[in-house]
$ cat run-v9.tsv   # TSV, C-alpha atoms
chain	number	residue	atom	x	y	z
Y	7	LEU	CA	0.00	0.00	0.00
Y	8	GLU	CA	2.75	2.44	0.90
Y	9	PRO	CA	3.81	3.46	-2.65
Y	10	PHE	CA	0.23	4.37	-3.54
Y	11	LEU	CA	-0.31	6.17	-0.25
Y	12	ALA	CA	2.86	8.20	-0.78
Y	13	VAL	CA	1.58	9.37	-4.16
Y	14	VAL	CA	-1.78	10.41	-2.67
Y	15	GLU	CA	-0.13	12.41	0.10
Y	16	SER	CA	2.60	14.03	-1.98
Y	17	PRO	CA	1.96	17.68	-2.93
Y	18	HIS	CA	4.30	17.28	-5.92
Y	19	THR	CA	2.32	14.68	-7.90
Y	20	THR	CA	-0.03	15.60	-10.72
Y	21	GLY	CA	-3.76	15.01	-10.71
Y	22	PRO	CA	-3.64	11.99	-13.08
Y	23	MET	CA	-0.95	10.31	-10.97
Y	24	THR	CA	-2.95	10.89	-7.80
Y	25	GLY	CA	-6.10	9.63	-9.50
Y	26	ALA	CA	-4.35	6.43	-10.56
Y	27	ALA	CA	-3.12	5.85	-7.01
Y	28	LEU	CA	-6.63	6.41	-5.62
Y	29	SER	CA	-8.06	3.93	-8.14
Y	30	SER	CA	-5.49	1.34	-7.06
Y	31	LEU	CA	-6.36	1.79	-3.38
Y	32	HIS	CA	-10.05	1.53	-4.28
Y	33	LYS	CA	-9.40	-1.84	-5.97
Y	34	PHE	CA	-7.46	-3.11	-2.95
Y	35	LEU	CA	-10.58	-2.65	-0.82
Y	36	LEU	CA	-13.26	-3.41	-3.41
Y	37	TYR	CA	-11.81	-6.76	-4.49
Y	38	GLY	CA	-11.07	-7.89	-0.95
Y	39	PHE	CA	-7.29	-7.90	-1.18
Y	40	ILE	CA	-7.34	-6.63	2.42
Y	41	THR	CA	-9.52	-8.65	4.80
Y	42	LYS	CA	-9.94	-8.87	8.56
Y	43	GLU	CA	-7.67	-11.91	8.52
Y	44	SER	CA	-4.88	-10.07	6.71
Y	45	SER	CA	-1.80	-9.33	8.73
Y	46	ARG	CA	-1.76	-5.68	9.86
Y	47	ALA	CA	-5.24	-5.17	8.38
Y	48	LYS	CA	-6.13	-2.56	10.99
Y	49	GLU	CA	-2.92	-0.66	10.35
Y	50	GLY	CA	-3.59	-0.79	6.63
Y	51	ILE	CA	-7.13	0.63	6.72
Y	52	ASP	CA	-6.07	3.31	9.20
Y	53	ARG	CA	-3.23	4.25	6.88
Y	54	ILE	CA	-5.58	4.56	3.90
Y	55	ALA	CA	-7.91	6.74	5.95
Y	56	ARG	CA	-5.02	8.97	6.99
Y	57	SER	CA	-4.01	9.43	3.37
Y	58	ILE	CA	-7.55	10.61	2.56
Y	59	THR	CA	-7.30	13.38	5.14
Y	60	ASN	CA	-3.76	14.30	3.98
Y	61	PHE	CA	-4.76	14.39	0.32
Y	62	HIS	CA	-2.66	16.67	-1.94
Y	63	PHE	CA	-1.87	17.08	-5.62
Y	64	GLU	CA	-0.76	19.72	-8.09
Y	65	GLU	CA	-3.56	21.48	-9.93
Y	66	THR	CA	-3.76	20.95	-13.68
Y	67	ASP	CA	-7.17	21.92	-15.04
Y	68	PRO	CA	-10.53	22.15	-13.18
Y	69	ASP	CA	-12.20	19.24	-14.99
Y	70	SER	CA	-9.33	16.81	-14.37
Y	71	ASP	CA	-8.98	17.96	-10.78
Y	72	GLU	CA	-12.66	17.25	-10.09
Y	73	VAL	CA	-12.29	13.72	-11.47
Y	74	VAL	CA	-9.52	13.12	-8.92
Y	75	MET	CA	-11.67	14.47	-6.10
Y	76	MET	CA	-14.55	12.21	-7.15
Y	77	LYS	CA	-12.20	9.24	-6.89
Y	78	LEU	CA	-11.28	10.43	-3.41
Y	79	LEU	CA	-14.97	10.52	-2.46
Y	80	GLU	CA	-15.48	6.98	-3.76
Y	81	LEU	CA	-12.54	5.73	-1.72
Y	82	SER	CA	-13.81	7.58	1.37
Y	83	ALA	CA	-17.18	5.81	1.32
Y	84	LEU	CA	-15.60	2.44	0.55
Y	85	CYS	CA	-13.24	2.73	3.52
Y	86	LEU	CA	-16.26	2.63	5.82
Y	87	ARG	CA	-18.38	0.23	3.77
Y	88	CYS	CA	-15.80	-2.50	3.12
Y	89	GLU	CA	-15.16	-5.51	5.36
Y	90	VAL	CA	-12.13	-4.02	7.10
Y	91	GLY	CA	-13.96	-0.73	7.62
Y	92	GLU	CA	-15.13	-2.08	10.96
Y	93	LEU	CA	-11.51	-1.94	12.12
Y	94	LEU	CA	-11.18	1.76	11.35
Y	95	LYS	CA	-10.60	4.07	14.29
Y	96	ASN	CA	-13.49	6.34	15.16
Y	97	SER	CA	-11.27	9.39	14.88
Y	98	TYR	CA	-10.44	8.49	11.28
Y	99	CYS	CA	-14.15	8.01	10.51
Y	100	TRP	CA	-14.72	11.54	11.76
Y	101	GLU	CA	-11.82	12.97	9.75
Y	102	ILE	CA	-13.07	11.26	6.58
Y	103	PHE	CA	-16.50	12.78	7.14
Y	104	ARG	CA	-15.01	16.24	7.59
Y	105	SER	CA	-12.82	15.86	4.48
Y	106	CYS	CA	-15.85	14.96	2.36
Y	107	HIS	CA	-17.75	17.91	3.77
Y	108	ARG	CA	-14.92	20.26	2.92
Y	109	ILE	CA	-15.11	19.13	-0.69
Y	110	SER	CA	-18.87	19.74	-0.79
Y	111	ASN	CA	-18.34	23.15	0.79
Y	112	GLN	CA	-15.63	24.40	-1.54
Y	113	GLU	CA	-16.21	27.45	-3.67
Y	114	GLN	CA	-16.00	27.29	-7.46
Y	115	VAL	CA	-16.79	23.58	-7.78
Y	116	SER	CA	-19.27	22.12	-10.22
Y	117	SER	CA	-22.73	21.07	-9.13
Y	118	LEU	CA	-21.80	17.50	-10.08
Y	119	LEU	CA	-18.89	17.38	-7.63
Y	120	SER	CA	-20.92	19.12	-4.94
Y	121	ASN	CA	-23.79	16.65	-5.33
Y	122	THR	CA	-21.38	13.71	-5.39
Y	123	ALA	CA	-19.84	14.91	-2.13
Y	124	GLY	CA	-23.31	15.29	-0.62
Y	125	ASN	CA	-24.22	11.74	-1.64
Y	126	THR	CA	-20.96	10.46	-0.15
Y	127	LEU	CA	-21.76	12.21	3.14
Y	128	ALA	CA	-25.20	10.58	3.09
Y	129	HIS	CA	-23.64	7.12	2.61
Y	130	ILE	CA	-21.16	7.72	5.43
Y	131	VAL	CA	-23.90	8.84	7.82
Y	132	LEU	CA	-26.04	5.84	6.88
Y	133	ILE	CA	-23.17	3.40	7.43
Y	134	LEU	CA	-22.08	4.83	10.77
Y	135	PHE	CA	-25.52	5.33	12.32
Y	136	SER	CA	-27.01	2.05	11.14
Y	137	CYS	CA	-24.08	-0.11	12.25
Y	138	PRO	CA	-22.77	0.73	15.74
Y	139	ARG	CA	-19.02	0.36	15.91
Y	140	GLY	CA	-18.90	-2.02	18.85
Y	141	ASN	CA	-17.13	-0.87	21.97
Y	142	LYS	CA	-15.26	1.85	20.09
Y	143	THR	CA	-18.28	4.12	20.43
Y	144	LYS	CA	-18.65	4.98	24.06
Y	145	LEU	CA	-22.33	4.67	24.98
Y	146	ILE	CA	-23.62	6.36	28.09
Y	147	GLN	CA	-26.61	4.29	29.11
Y	148	ASN	CA	-29.31	6.70	30.22
Y	149	ALA	CA	-26.69	8.98	31.72
Y	150	ASN	CA	-28.78	10.71	34.38
Y	151	LEU	CA	-31.04	12.21	31.75
Y	152	ASN	CA	-33.99	14.17	33.04
Y	153	PRO	CA	-36.68	14.47	30.34
Y	154	LYS	CA	-38.49	17.10	32.44
Y	155	LYS	CA	-35.54	19.42	32.48
Y	156	ASP	CA	-36.36	22.56	30.55
Y	157	ILE	CA	-33.39	23.31	28.31
Y	158	PHE	CA	-35.43	24.55	25.36
Y	159	GLU	CA	-34.58	28.22	24.99
Y	160	VAL	CA	-35.05	30.11	21.76
Y	161	SER	CA	-32.18	32.50	22.43
Y	162	TYR	CA	-29.04	30.46	21.95
Y	163	GLU	CA	-25.62	31.11	20.45
Y	164	PHE	CA	-22.68	28.86	19.71
Y	165	ASP	CA	-19.18	29.38	20.92
Y	166	ASP	CA	-17.43	30.67	17.82
Y	167	ASN	CA	-14.23	28.94	18.89
Y	168	GLU	CA	-15.79	25.50	19.14
Y	169	ASN	CA	-15.15	24.45	15.54
Y	170	SER	CA	-13.24	25.65	12.53
Y	171	SER	CA	-14.74	28.04	10.00
Y	172	LEU	CA	-17.49	26.68	7.78
Y	173	ASP	CA	-17.24	29.29	5.05
Y	174	GLY	CA	-15.44	27.00	2.59
Y	175	SER	CA	-12.51	29.33	2.10
Y	176	GLU	CA	-9.84	26.62	2.27
Y	177	ASN	CA	-7.66	25.71	-0.72
Y	178	ALA	CA	-9.66	23.47	-3.04
Y	179	VAL	CA	-6.99	20.79	-3.27
Y	180	ASP	CA	-5.55	20.87	0.25
Y	181	TYR	CA	-7.55	18.56	2.47
Y	182	LYS	CA	-5.75	18.38	5.77
Y	183	PRO	CA	-8.09	17.53	8.64
Y	184	ILE	CA	-9.73	20.55	10.24
Y	185	ARG	CA	-9.85	18.89	13.61
Y	186	THR	CA	-7.65	16.00	14.73
Y	187	LEU	CA	-9.51	14.52	17.63
Y	188	GLU	CA	-6.74	12.38	19.02
Y	189	ARG	CA	-4.21	15.14	19.24
Y	190	SER	CA	-5.93	18.47	19.87
Y	191	GLU	CA	-8.44	20.38	21.96
Y	192	GLY	CA	-8.16	18.04	24.91
Y	193	LEU	CA	-10.58	15.48	23.50
Y	194	LYS	CA	-10.39	11.87	24.53
Y	195	THR	CA	-8.61	9.40	22.28
Y	196	GLU	CA	-11.74	7.23	22.18
Y	197	THR	CA	-13.90	9.47	20.03
Y	198	ASN	CA	-17.64	9.00	19.80
Y	199	VAL	CA	-17.92	9.59	16.07
Y	200	LEU	CA	-21.74	9.64	16.14
Y	201	VAL	CA	-21.73	12.45	18.69
Y	202	GLU	CA	-19.16	14.45	16.72
Y	203	ILE	CA	-21.13	14.10	13.48
Y	204	MET	CA	-24.44	14.99	15.12
Y	205	ARG	CA	-22.93	18.02	16.86
Y	206	PHE	CA	-21.41	19.17	13.58
Y	207	LEU	CA	-24.68	18.72	11.65
Y	208	CYS	CA	-26.62	20.55	14.34
Y	209	LYS	CA	-24.32	23.52	14.02
Y	210	LEU	CA	-24.76	23.50	10.24
Y	211	SER	CA	-28.54	23.52	10.69
Y	212	ASP	CA	-28.50	26.91	12.42
Y	213	PRO	CA	-30.24	29.26	9.93
Y	214	ARG	CA	-28.75	32.33	11.60
Y	215	SER	CA	-25.18	31.47	10.62
Y	216	ASN	CA	-25.52	29.19	7.57
Y	217	SER	CA	-26.96	29.47	4.10
Y	218	GLU	CA	-30.20	27.85	3.02
Y	219	GLU	CA	-28.28	25.24	0.98
Y	220	THR	CA	-26.17	24.32	4.00
Y	221	CYS	CA	-29.28	23.94	6.18
Y	222	ILE	CA	-30.90	21.70	3.56
Y	223	LEU	CA	-27.83	19.46	3.45
Y	224	SER	CA	-27.59	19.23	7.23
Y	225	LEU	CA	-31.31	18.50	7.66
Y	226	SER	CA	-31.13	15.77	5.01
Y	227	LEU	CA	-28.16	14.13	6.75
Y	228	ILE	CA	-29.82	14.42	10.18
Y	229	ASN	CA	-32.90	12.69	8.79
Y	230	ILE	CA	-30.73	9.83	7.53
Y	231	ALA	CA	-29.03	9.55	10.92
Y	232	LEU	CA	-32.33	9.46	12.80
Y	233	GLU	CA	-33.91	6.93	10.44
Y	234	ALA	CA	-30.83	4.69	10.48
Y	235	GLY	CA	-30.19	4.90	14.22
Y	236	GLY	CA	-33.79	4.70	15.38
Y	237	LYS	CA	-34.55	4.20	19.04
Y	238	ARG	CA	-31.00	3.02	19.67
Y	239	LEU	CA	-29.90	6.67	19.61
Y	240	GLY	CA	-31.72	7.20	22.91
Y	241	GLU	CA	-29.15	4.96	24.61
Y	242	ASP	CA	-26.37	7.49	24.10
Y	243	GLY	CA	-26.64	10.30	26.61
Y	244	ASP	CA	-24.37	12.67	24.69
Y	245	LEU	CA	-26.41	12.24	21.51
Y	246	VAL	CA	-29.66	12.84	23.38
Y	247	GLU	CA	-28.39	16.06	24.92
Y	248	ILE	CA	-27.35	17.40	21.50
Y	249	MET	CA	-30.62	16.46	19.83
Y	250	ARG	CA	-32.95	17.74	22.52
Y	251	GLY	CA	-30.89	20.87	22.99
Y	252	ASP	CA	-29.05	22.30	19.98
Y	253	LEU	CA	-31.06	20.50	17.34
Y	254	CYS	CA	-34.46	21.41	18.76
Y	255	LYS	CA	-33.46	25.06	19.08
Y	256	HIS	CA	-32.46	25.22	15.43
Y	257	LEU	CA	-35.55	23.32	14.30
Y	258	LEU	CA	-37.74	25.91	15.99
Y	259	ASN	CA	-35.92	28.68	14.11
Y	260	LEU	CA	-36.10	26.76	10.84
Y	261	SER	CA	-39.85	26.28	11.24
Y	262	GLN	CA	-40.29	30.04	10.72
Y	263	THR	CA	-39.06	29.81	7.12
Y	264	GLU	CA	-41.22	30.45	4.09
Y	265	ASP	CA	-39.22	28.01	1.96
Y	266	MET	CA	-41.25	24.82	1.56
Y	267	THR	CA	-38.19	22.60	1.05
Y	268	VAL	CA	-36.64	23.70	4.33
Y	269	LEU	CA	-39.99	23.51	6.13
Y	270	SER	CA	-40.76	20.00	4.90
Y	271	LEU	CA	-37.30	18.76	5.89
Y	272	THR	CA	-37.68	20.42	9.29
Y	273	LEU	CA	-41.03	18.72	9.94
Y	274	ARG	CA	-39.58	15.41	8.84
Y	275	VAL	CA	-36.70	15.80	11.30
Y	276	VAL	CA	-39.19	16.62	14.05
Y	277	PHE	CA	-41.16	13.46	13.24
Y	278	ASN	CA	-38.05	11.24	13.16
Y	279	LEU	CA	-36.75	12.88	16.31
Y	280	PHE	CA	-39.82	11.89	18.29
Y	281	ASN	CA	-39.74	8.40	16.81
Y	282	SER	CA	-36.17	8.00	18.07
Y	283	ILE	CA	-36.01	9.69	21.49
Y	284	LYS	CA	-39.55	10.75	22.35
Y	285	GLY	CA	-39.05	9.71	25.98
Y	286	HIS	CA	-36.55	12.56	26.37
Y	287	LEU	CA	-38.53	15.26	24.58
Y	288	LYS	CA	-41.58	16.03	26.72
Y	289	VAL	CA	-40.95	19.77	26.99
Y	290	GLN	CA	-39.89	20.00	23.36
Y	291	LEU	CA	-43.02	18.16	22.23
Y	292	GLU	CA	-45.23	20.80	23.80
Y	293	VAL	CA	-43.21	23.62	22.24
Y	294	PHE	CA	-43.26	22.05	18.79
Y	295	ILE	CA	-47.00	21.44	18.89
Y	296	THR	CA	-47.83	24.99	19.98
Y	297	SER	CA	-45.16	26.84	17.99
Y	298	ILE	CA	-45.07	24.86	14.75
Y	299	HIS	CA	-47.99	22.56	14.12
Y	300	LEU	CA	-50.74	24.77	15.52
Y	301	ARG	CA	-49.28	27.80	13.78
Y	302	ILE	CA	-49.30	25.95	10.46
Y	303	LEU	CA	-52.88	24.78	10.98
Y	304	GLU	CA	-54.04	28.25	11.90
Y	305	GLY	CA	-52.16	30.00	9.10
Y	306	GLY	CA	-54.02	29.03	5.97
Y	307	ASN	CA	-51.60	30.94	3.76
Y	308	VAL	CA	-48.74	28.50	4.46
Y	309	GLY	CA	-48.26	26.14	1.53

$ encode --input "run-v9.tsv" --output "structure tokens"
Amino acid sequence: LEPFLAVVESPHTTGPMTGAALSSLHKFLLYGFITKESSRAKEGIDRIARSITNFHFEETDPDSDEVVMMKLLELSALCLRCEVGELLKNSYCWEIFRSCHRISNQEQVSSLLSNTAGNTLAHIVLILFSCPRGNKTKLIQNANLNPKKDIFEVSYEFDDNENSSLDGSENAVDYKPIRTLERSEGLKTETNVLVEIMRFLCKLSDPRSNSEETCILSLSLINIALEAGGKRLGEDGDLVEIMRGDLCKHLLNLSQTEDMTVLSLTLRVVFNLFNSIKGHLKVQLEVFITSIHLRILEGGNVG
């Protein structure tokens, strides 16, 4: 693997060379050349994942460059979907997700590449939330949750220093990880990738700081996560706190929109949210019924 990985990570290789290396790595995983029984299989899949987040190449022309990035997206999804993907560290799963999002969020990319990146993110969310990663994901079983606790405030702001910028201003072909969970910000080595993804998507769903397109993407991915995870999500205390706190606050703001696409996605998230963790959402249920559903029923001009 190492010669191909070196080409992917080298900033001095051309797009076609990098694309050929990515195609070779894709075949290694697709055709089962690396299995769980292979010696150093875990080291191998971790190394491939690290090369995705350290992806570099010299720009040639926009069309050729986008072909290379599409190959990177294909390899990213396959890393999680293949047999040895179960051996991948949670921190690498998170970094792959962020790398794919950075591609979708780049300026001056074609709609084809942007849509491909969005579809890749959807596949990654579906894989991770539908198949719990064993004991790597730290579950907090009903961690002293109090469903009656009123944490549903409309006035809420994020800490601007919590995450990196989401404005897509990074270099289009430099995909170093924005946040390395094992080595920065005092986070634990054992990363709960589901919590990190949900927290990230909740922040993207804030209509006060993100564009309508970004909110639509985040709502779509949250819907996939809720449908894939189902009631099992209620077993993770950290996930529950994010969903009944940050997510519900943003959903209430999003419900005020006049855009029918955003409104329909918001209502769908609300429905899936109560299907998944309704036992923890008693206060939020009352607020949603009075602030959203009754308002829609009473306002005949909506829709």

$ closest_residue --input "run-v9.tsv" --among "Y:Ser70, Y:Pro213, Y:Thr59, Y:Ile230" --to "Y:Leu134" --atoms "all atoms listed in the file"
Y:Ile230

$ residues_around --input "run-v9.tsv" --residues "Y:Asn229" --least-positions-apart "6" --cutoff "12 Å" --atoms "all atoms listed in the file" --output "PyMOL selection string"
chain Y and resi 128+131-132+135+204+207-208+211+222-223+235-236+249+253+270-282

$ atom_distance --input "run-v9.tsv" --atom1 "atom CA of Y:Ser226" --atom2 "atom CA of Y:Lys77"
23.3 Å

$ atom_distance --input "run-v9.tsv" --atom1 "atom CA of Y:His18" --atom2 "atom CA of Y:Arg104"
23.6 Å

$ atom_distance --input "run-v9.tsv" --atom1 "atom CA of Y:Phe294" --atom2 "atom CA of Y:Asp252"
14.3 Å

$ closest_residue --input "run-v9.tsv" --among "Y:Leu200, Y:Leu127, Y:Leu36, Y:Val268" --to "Y:Arg108" --atoms "all atoms listed in the file"
Y:Leu127

$ closest_residue --input "run-v9.tsv" --among "Y:Ser261, Y:Thr66, Y:Asn216, Y:Gln112" --to "Y:Gly124" --atoms "only C-alpha atoms"
Y:Gln112

$ closest_residue --input "run-v9.tsv" --among "Y:Lys237, Y:Lys33, Y:Lys95, Y:Arg250" --to "Y:Ile51" --atoms "all atoms listed in the file"
Y:Lys95

$ closest_residue --input "run-v9.tsv" --among "Y:Leu35, Y:Phe63, Y:Cys99, Y:Ile109" --to "Y:Pro17" --atoms "only C-alpha atoms"
Y:Phe63

$ closest_residue --input "run-v9.tsv" --among "Y:Glu264, Y:Asp212, Y:Glu241, Y:Glu43" --to "Y:Glu89" --atoms "only C-alpha atoms"
Y:Glu43

$ residues_around --input "run-v9.tsv" --residues "Y:Ile40" --least-positions-apart "5" --cutoff "12 Å" --atoms "only C-alpha atoms" --output "PyMOL selection string"
chain Y and resi 7+31-35+45-51+54+85+88-91+93
